[in-house]
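Source file: my_file-v3.cif (mmCIF, C-alpha atoms and all ligand atoms)
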```cif
data_model
loop_
_atom_site.label_atom_id
_atom_site.label_comp_id
_atom_site.auth_asym_id
_atom_site.auth_seq_id
_atom_site.Cartn_x
_atom_site.Cartn_y
_atom_site.Cartn_z
CA MET A 667 80.82 37.00 -18.77
CA SER A 668 84.21 35.43 -18.17
CA GLN A 669 86.83 35.95 -20.84
CA ASP A 670 87.92 32.39 -20.34
CA VAL A 671 86.45 30.66 -23.35
CA ASP A 672 88.41 27.89 -24.97
CA SER A 673 89.27 28.13 -28.61
CA SER A 674 87.38 25.00 -29.62
CA ALA A 675 84.09 26.51 -28.35
CA LEU A 676 84.87 29.63 -30.40
CA ARG A 677 85.54 27.54 -33.49
CA GLN A 678 82.21 25.78 -32.94
CA LEU A 679 80.62 29.20 -32.64
CA LEU A 680 81.96 30.07 -36.10
CA ASN A 681 80.59 26.76 -37.38
CA ALA A 682 77.19 27.54 -35.85
CA GLN A 683 77.37 30.99 -37.49
CA ARG A 684 78.07 29.38 -40.88
CA GLU A 685 75.03 27.12 -40.45
CA ASP A 686 72.86 30.03 -39.27
CA SER A 687 73.88 32.03 -42.35
CA ALA A 688 73.10 29.05 -44.60
CA ILE A 689 69.71 28.64 -42.88
CA ALA A 690 68.97 32.36 -43.39
CA ARG A 691 69.97 32.15 -47.08
CA LEU A 692 67.80 29.08 -47.65
CA THR A 693 64.86 30.57 -45.78
CA HIS A 694 65.13 33.71 -47.91
CA ARG A 695 65.41 31.61 -51.08
CA ARG A 696 62.34 29.58 -50.09
CA ARG A 697 60.35 32.81 -49.64
CA SER A 698 61.49 34.42 -52.89
CA LEU A 699 61.42 31.60 -55.44
CA GLU A 700 61.18 33.00 -58.98
CA GLU A 701 58.94 30.06 -59.91
CA ALA A 702 56.55 30.88 -57.05
CA LYS A 703 56.28 34.47 -58.30
CA ARG A 704 55.61 33.20 -61.83
CA LEU A 705 53.00 30.78 -60.45
CA GLU A 706 51.27 33.67 -58.70
CA ALA A 707 51.19 35.65 -61.96
CA VAL A 708 49.91 32.64 -63.93
CA LEU A 709 47.19 31.99 -61.33
CA ALA A 710 46.09 35.64 -61.55
CA GLN A 711 45.99 35.34 -65.35
CA LEU A 712 43.98 32.12 -65.04
CA GLU A 713 41.50 33.83 -62.75
CA GLU A 714 41.07 36.63 -65.28
CA LEU A 715 40.60 34.16 -68.14
CA THR A 716 38.03 32.20 -66.14
CA ALA A 717 36.07 35.39 -65.46
CA ASP A 718 36.29 36.45 -69.14
CA SER A 719 35.15 32.97 -70.24
CA ALA A 720 32.14 33.17 -67.94
CA ILE A 721 31.19 36.54 -69.47
CA ALA A 722 31.68 35.19 -73.02
CA ARG A 723 29.62 32.07 -72.21
CA LYS A 724 26.82 34.23 -70.82
CA LYS A 725 26.87 36.34 -73.97
CA SER A 726 26.82 33.27 -76.21
CA ASP A 727 23.87 31.82 -74.23
CA GLU A 728 22.03 35.12 -74.50
CA ILE A 729 22.52 35.18 -78.27
CA LEU A 730 21.33 31.57 -78.50
CA ARG A 731 18.17 32.55 -76.61
CA GLN A 732 17.63 35.40 -79.11
CA GLN A 733 18.12 32.95 -81.99
CA THR A 734 15.65 30.48 -80.49
CA ARG A 735 13.11 33.26 -79.93
CA LEU A 736 13.47 34.50 -83.53
CA GLU A 737 13.19 30.96 -84.90
CA GLY A 738 10.05 30.45 -82.81
CA GLU A 739 8.52 33.70 -84.07
CA MET A 740 9.36 32.69 -87.65
CA GLU A 741 7.73 29.30 -87.18
CA ILE A 742 4.55 30.91 -85.89
CA GLY A 743 4.70 33.41 -88.78
CA ASP A 744 5.14 30.59 -91.33
CA ALA A 745 2.13 28.74 -89.96
CA LYS A 746 0.05 31.91 -90.09
CA ILE A 747 1.14 32.61 -93.69
CA GLU A 748 0.31 29.03 -94.67
CA ARG A 749 -3.10 29.30 -93.03
CA GLU A 750 -3.93 32.63 -94.61
CA GLU A 751 -2.68 31.54 -98.04
CA GLN A 752 -4.83 28.43 -97.80
CA ARG A 753 -7.81 30.64 -97.07
CA LEU A 754 -6.77 32.88 -99.95
CA PHE A 755 -6.49 30.13 -102.53
CA SER A 756 -9.16 27.73 -101.28
CA GLY A 757 -11.89 29.79 -102.82
CA GLY A 758 -13.65 29.97 -99.46
CA VAL A 759 -13.37 33.76 -99.46
CA SER A 760 -15.05 35.35 -102.43
CA ASN A 761 -15.88 38.85 -101.19
CA PRO A 762 -13.33 41.08 -103.06
CA LYS A 763 -12.96 43.44 -100.13
CA GLU A 764 -12.32 40.51 -97.81
CA LEU A 765 -9.95 38.97 -100.38
CA GLY A 766 -8.04 42.25 -100.67
CA ALA A 767 -7.72 42.45 -96.92
CA LEU A 768 -6.50 38.87 -96.75
CA GLN A 769 -3.94 39.50 -99.47
CA ALA A 770 -2.68 42.59 -97.66
CA GLU A 771 -2.47 40.50 -94.44
CA VAL A 772 -0.39 37.80 -96.20
CA GLU A 773 1.95 40.44 -97.64
CA MET A 774 2.36 42.06 -94.27
CA LEU A 775 3.11 38.65 -92.70
CA LYS A 776 5.69 37.96 -95.42
CA ARG A 777 7.38 41.33 -94.85
CA ARG A 778 7.53 40.62 -91.15
CA ARG A 779 8.97 37.20 -91.88
CA ALA A 780 11.68 38.73 -94.11
CA ALA A 781 12.57 41.18 -91.33
CA LEU A 782 12.76 38.31 -88.83
CA GLU A 783 15.00 36.40 -91.22
CA ASP A 784 17.37 39.39 -91.47
CA ASP A 785 17.45 39.62 -87.67
CA LEU A 786 18.11 35.88 -87.45
CA LEU A 787 21.02 36.06 -89.89
CA GLU A 788 22.55 38.90 -87.91
CA VAL A 789 22.12 37.00 -84.65
CA MET A 790 23.74 33.93 -86.19
CA VAL A 791 26.78 35.97 -87.23
CA GLN A 792 26.96 37.39 -83.68
CA ARG A 793 26.72 33.87 -82.30
CA ASP A 794 29.60 32.65 -84.46
CA GLN A 795 31.72 35.54 -83.24
CA ALA A 796 30.75 34.97 -79.61
CA ASN A 797 31.50 31.26 -79.89
CA ALA A 798 34.87 31.93 -81.49
CA THR A 799 35.73 34.32 -78.64
CA LEU A 800 34.58 31.77 -76.07
CA GLU A 801 36.59 28.97 -77.69
CA ALA A 802 39.73 31.13 -77.81
CA LEU A 803 39.33 32.09 -74.15
CA GLU A 804 38.70 28.49 -73.09
CA SER A 805 41.69 27.23 -75.05
CA GLU A 806 43.93 29.88 -73.52
CA GLY A 807 42.47 29.01 -70.11
CA ALA A 808 43.29 25.33 -70.59
CA GLN A 809 46.87 26.16 -71.58
CA THR A 810 47.26 28.52 -68.64
CA SER A 811 45.85 25.91 -66.30
CA THR A 812 48.42 23.35 -67.54
CA GLN A 813 51.16 25.93 -67.08
CA ALA A 814 49.95 26.57 -63.51
CA GLU A 815 49.97 22.83 -62.72
CA GLU A 816 53.52 22.49 -64.05
CA LEU A 817 54.71 25.49 -62.06
CA LYS A 818 52.98 24.15 -58.93
CA ALA A 819 54.90 20.90 -59.31
CA THR A 820 58.17 22.79 -59.85
CA VAL A 821 57.61 25.03 -56.83
CA SER A 822 56.73 22.03 -54.69
CA SER A 823 59.84 20.09 -55.72
CA LEU A 824 62.11 23.13 -55.22
CA THR A 825 60.54 23.77 -51.83
CA ASP A 826 61.01 20.14 -50.81
CA GLU A 827 64.65 20.30 -51.85
CA ILE A 828 65.21 23.50 -49.85
CA ASP A 829 63.45 21.94 -46.85
CA ARG A 830 65.75 18.91 -46.98
CA GLU A 831 68.79 21.22 -47.11
CA LEU A 832 67.38 23.34 -44.28
CA SER A 833 66.88 20.26 -42.16
CA ARG A 834 70.52 19.18 -42.75
CA HIS A 835 71.80 22.61 -41.74
CA GLN A 836 69.52 22.72 -38.69
CA THR A 837 70.81 19.35 -37.50
CA SER A 838 74.41 20.45 -38.01
CA ARG A 839 73.70 23.76 -36.29
CA SER A 840 72.28 21.95 -33.23
CA GLU A 841 75.36 19.74 -33.07
CA HIS A 842 77.70 22.72 -33.05
CA ALA A 843 75.53 24.67 -30.61
CA SER A 844 75.37 21.74 -28.16
CA VAL A 845 79.08 22.09 -27.30
CA ILE A 846 79.06 25.89 -26.93
CA PRO A 847 78.71 27.18 -23.34
CA GLN A 848 75.27 28.62 -22.77
CA PRO A 849 76.32 32.21 -21.89
CA LEU A 850 78.45 32.43 -25.06
CA LEU A 851 75.60 31.07 -27.14
CA GLU A 852 73.22 33.62 -25.62
CA LEU A 853 75.61 36.49 -26.33
CA TYR A 854 76.00 35.23 -29.89
CA GLU A 855 72.22 34.96 -30.35
CA SER A 856 71.54 38.48 -29.15
CA LEU A 857 74.34 39.90 -31.33
CA ARG A 858 73.10 37.92 -34.31
CA GLU A 859 69.62 39.34 -33.86
CA ALA A 860 70.92 42.90 -33.50
CA LYS A 861 73.47 42.74 -36.31
CA GLY A 862 71.79 41.48 -39.45
CA GLY A 863 72.20 37.78 -38.76
CA VAL A 864 75.92 37.80 -38.02
CA GLY A 865 76.90 37.56 -34.35
CA ALA A 866 80.33 35.94 -34.66
CA ALA A 867 83.00 36.89 -37.16
CA GLU A 868 86.39 35.51 -37.95
CA LEU A 869 89.54 37.63 -37.86
CA GLN A 870 90.87 37.17 -41.36
CA ARG A 871 94.48 38.42 -41.44
CA ASP A 872 93.88 41.91 -39.98
CA THR A 873 90.24 42.33 -40.97
CA CYS A 874 86.99 41.61 -39.09
CA SER A 875 84.90 39.47 -41.45
CA GLY A 876 81.75 40.85 -39.79
CA CYS A 877 82.19 44.54 -40.65
CA HIS A 878 85.15 44.22 -43.06
CA THR A 879 87.12 46.76 -41.07
CA LYS A 880 90.87 46.55 -41.05
CA LEU A 881 92.09 46.58 -37.46
CA PRO A 882 95.27 48.35 -36.32
CA ALA A 883 98.34 46.10 -36.26
CA ARG A 884 98.72 46.44 -32.48
CA GLU A 885 95.11 45.43 -31.93
CA VAL A 886 95.56 42.37 -34.18
CA GLU A 887 98.69 41.49 -32.26
CA ARG A 888 96.85 41.79 -28.94
CA LEU A 889 93.93 39.66 -30.20
CA ARG A 890 96.26 36.92 -31.41
CA ALA A 891 98.21 36.95 -28.18
CA GLU A 892 95.20 36.90 -25.86
CA GLY A 893 92.86 34.49 -27.63
CA ASN A 894 89.68 33.88 -25.62
CA LEU A 895 86.47 35.81 -26.11
CA GLN A 896 87.06 39.03 -28.00
CA ARG A 897 84.79 41.60 -29.61
CA CYS A 898 85.44 43.70 -32.68
CA ASP A 899 86.08 47.29 -31.58
CA ASN A 900 84.20 48.55 -34.58
CA CYS A 901 81.06 46.35 -34.90
CA ARG A 902 81.09 44.73 -31.42
CA ARG A 903 80.57 41.27 -32.87
CA ILE A 904 82.34 38.33 -31.29
CA LEU A 905 85.67 38.22 -33.08
CA VAL A 906 87.21 34.76 -33.35
CA VAL A 907 90.92 34.42 -33.91
CA THR A 908 91.55 31.13 -35.71
ZN ZN A 1001 83.76 44.04 -36.90
#
```
File written out as structure tokens:
Amino acid sequence: MSQDVDSSALRQLLNAQREDSAIARLTHRRRSLEEAKRLEAVLAQLEELTADSAIARKKSDEILRQQTRLEGEMEIGDAKIEREEQRLFSGGVSNPKELGALQAEVEMLKRRRAALEDDLLEVMVQRDQANATLEALESEGAQTSTQAEELKATVSSLTDEIDRELSRHQTSRSEHASVIPQPLLELYESLREAKGGVGAAELQRDTCSGCHTKLPAREVERLRAEGNLQRCDNCRRILVVT
């Protein structure tokens, strides 16, 4: 392309580069928000707590079913004992052998009832423990859920803020780019893509701000004298003498 580029287009190119760098910084920031990472971790924790709560609830329900079954068995046992004791004491059974058998039956029923009662007490202790675990998990889950909601709101407000800034920089970038000749803009774009986001660099004293290389005094002298479109000998970026 022609070397004949006026200095105002080159200054606009530096302005466009500044906006492009700001856009790249903001885009990176938007993708790597600390709060978004924390939100991800909190959501994973919440998922784990929800799964643990479901397991604890299932266990608690299972224990309740055991308790209900034991209570039912005890009720049936009590009724049987009452019936047999009534028979025993009503005087309806007088045969000693039959009476002895009935007595043994009542004793057996009472032993079974005592065993059921022991089982029931144990199940009730288990149920208390299971319920305490479930309550603790649910309470932690509720807290974690609140934390997640708060972080979601923070991430959303930070993202909105970044988006507003991005939009400002994009508008400004378009304004600068609109007065840069198309071939220069294309060269800049391809260099920017190839060189880590920086296609145009300013000559600061005797140093290229793109690769931070100090240029020989004669080269600096030549660049300042010639103006126009120049490239850094070292990094090949567009070098703008301001
Ligand atoms: Zn350079």
Practice item. Find the residues near region 739-756 of chain A: any atom within 12 Å, counting all atoms listed in the file, skip ones fewer than 3 places away on the same chain, and give them as JSON, numbers by chain. Key: {"A": [732, 733, 734, 735, 736, 759, 760, 761, 762, 764, 765, 766, 767, 768, 769, 770, 771, 772, 773, 774, 775, 776, 777, 778, 779, 780, 781, 782, 783, 784, 785, 786]}
Since we have the selection now, will you write its residues out, keeping C-alpha atoms, as a PDB file, keeping the file's coordinate frame?
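again_24.pdb, freshly written:
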```pdb
ATOM      1  CA  GLN A 732      17.630  35.400 -79.110  1.00  0.00           C
ATOM      2  CA  GLN A 733      18.120  32.950 -81.990  1.00  0.00           C
ATOM      3  CA  THR A 734      15.650  30.480 -80.490  1.00  0.00           C
ATOM      4  CA  ARG A 735      13.110  33.260 -79.930  1.00  0.00           C
ATOM      5  CA  LEU A 736      13.470  34.500 -83.530  1.00  0.00           C
ATOM      6  CA  VAL A 759     -13.370  33.760 -99.460  1.00  0.00           C
ATOM      7  CA  SER A 760     -15.050  35.350-102.430  1.00  0.00           C
ATOM      8  CA  ASN A 761     -15.880  38.850-101.190  1.00  0.00           C
ATOM      9  CA  PRO A 762     -13.330  41.080-103.060  1.00  0.00           C
ATOM     10  CA  GLU A 764     -12.320  40.510 -97.810  1.00  0.00           C
ATOM     11  CA  LEU A 765      -9.950  38.970-100.380  1.00  0.00           C
ATOM     12  CA  GLY A 766      -8.040  42.250-100.670  1.00  0.00           C
ATOM     13  CA  ALA A 767      -7.720  42.450 -96.920  1.00  0.00           C
ATOM     14  CA  LEU A 768      -6.500  38.870 -96.750  1.00  0.00           C
ATOM     15  CA  GLN A 769      -3.940  39.500 -99.470  1.00  0.00           C
ATOM     16  CA  ALA A 770      -2.680  42.590 -97.660  1.00  0.00           C
ATOM     17  CA  GLU A 771      -2.470  40.500 -94.440  1.00  0.00           C
ATOM     18  CA  VAL A 772      -0.390  37.800 -96.200  1.00  0.00           C
ATOM     19  CA  GLU A 773       1.950  40.440 -97.640  1.00  0.00           C
ATOM     20  CA  MET A 774       2.360  42.060 -94.270  1.00  0.00           C
ATOM     21  CA  LEU A 775       3.110  38.650 -92.700  1.00  0.00           C
ATOM     22  CA  LYS A 776       5.690  37.960 -95.420  1.00  0.00           C
ATOM     23  CA  ARG A 777       7.380  41.330 -94.850  1.00  0.00           C
ATOM     24  CA  ARG A 778       7.530  40.620 -91.150  1.00  0.00           C
ATOM     25  CA  ARG A 779       8.970  37.200 -91.880  1.00  0.00           C
ATOM     26  CA  ALA A 780      11.680  38.730 -94.110  1.00  0.00           C
ATOM     27  CA  ALA A 781      12.570  41.180 -91.330  1.00  0.00           C
ATOM     28  CA  LEU A 782      12.760  38.310 -88.830  1.00  0.00           C
ATOM     29  CA  GLU A 783      15.000  36.400 -91.220  1.00  0.00           C
ATOM     30  CA  ASP A 784      17.370  39.390 -91.470  1.00  0.00           C
ATOM     31  CA  ASP A 785      17.450  39.620 -87.670  1.00  0.00           C
ATOM     32  CA  LEU A 786      18.110  35.880 -87.450  1.00  0.00           C
TER      33      LEU A 786
END
```
Set out as a tab-separated table a contact list for chain A and ligand ZN 1001 (chain A) with a cut-off of 7 Å, giving each residue of chain A that qualifies its closest atom pair and distance in Å to one decimal, counting all atoms listed in the file, ordered by chain and rising residue number.
```
residue	atom	partner	partner_atom	distance
A:Cys874	CA	A:ZN1001	ZN	4.6
A:Ser875	CA	A:ZN1001	ZN	6.5
A:Gly876	CA	A:ZN1001	ZN	4.8
A:Cys877	CA	A:ZN1001	ZN	4.1
A:His878	CA	A:ZN1001	ZN	6.3
A:Thr879	CA	A:ZN1001	ZN	6.0
A:Cys898	CA	A:ZN1001	ZN	4.6
A:Asp899	CA	A:ZN1001	ZN	6.7
A:Asn900	CA	A:ZN1001	ZN	5.1
A:Cys901	CA	A:ZN1001	ZN	4.1
A:Arg902	CA	A:ZN1001	ZN	6.1
A:Arg903	CA	A:ZN1001	ZN	5.8
```
**Study point:** Atomic separation - CA of Ala690 (chain A) relative to CA of Glu706 (chain A), Å
**Key:** 23.4 Å
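As for CA of Ala702 (chain A) and CA of Ala688 (chain A), they are spaced 20.8 Å apart.
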**Study point:** Proximity to Val789 (chain A) - best of A:Ser726, A:Ser833, A:Ser844, A:Ser822, only C-alpha atoms
**Key:** A:Ser726
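For Asp670 (chain A), the non-local neighbours within 12 Å, defined as residues at least 3 positions apart in the same chain or in other chains and counting all atoms listed in the file, are Met667, Ser673, Ser674, Ala675, Leu676, Pro847, Pro849, Leu850, Glu892, Gly893, Asn894, Leu895 and Gln896 of chain A.
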If the box runs along x, y and z of the file and leaves 3 Å on each side of region 840-858 of chain A, what are its centre and edge lengths in Å, one decimal, as AutoDock Vina command-line options?
```
--center_x 75.3 --center_y 29.8 --center_z -28.1 --size_x 13.5 --size_y 26.2 --size_z 18.4
```
**Study point:** Surrounding residues of Thr825 (chain A) excluding itself and chain neighbours under 4 positions, 7 Å, only C-alpha atoms, as a ChimeraX atom specification
**Key:** /A:696,821,829
Check your understanding: Could you work out how far CA of Asp686 (chain A) lies from CA of Glu887 (chain A), giving the answer in Å with one decimal?
Key -> 29.1 Å
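Shortest atom-to-atom contact with Asn797 (chain A) among A:Gly738, A:Ile721, A:Leu832, A:Glu816: A:Ile721, counting all atoms listed in the file.
Near Leu803 (chain A), within a cut-off of 9 Å and counting all atoms listed in the file, sit the residues Leu715, Thr716, Asp718, Ser719, Ala722, Ala798, Thr799, Leu800, Glu801, Ser805, Glu806, Gly807 and Ala808 of chain A, with same-chain residues fewer than 2 positions away left out.
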Point to revise | Near-Arg871 (chain A) list (10 Å; only C-alpha atoms; drop same-chain fewer than 4 positions) as an MDAnalysis selection string | key: chainID A and resid 875 880:881 886 907:908
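Among the candidates A:Ser823, A:Ser811, A:Asn681, A:Gln836, the residue lying nearest to Glu714 (chain A) is A:Ser811 (atoms considered: all atoms listed in the file).
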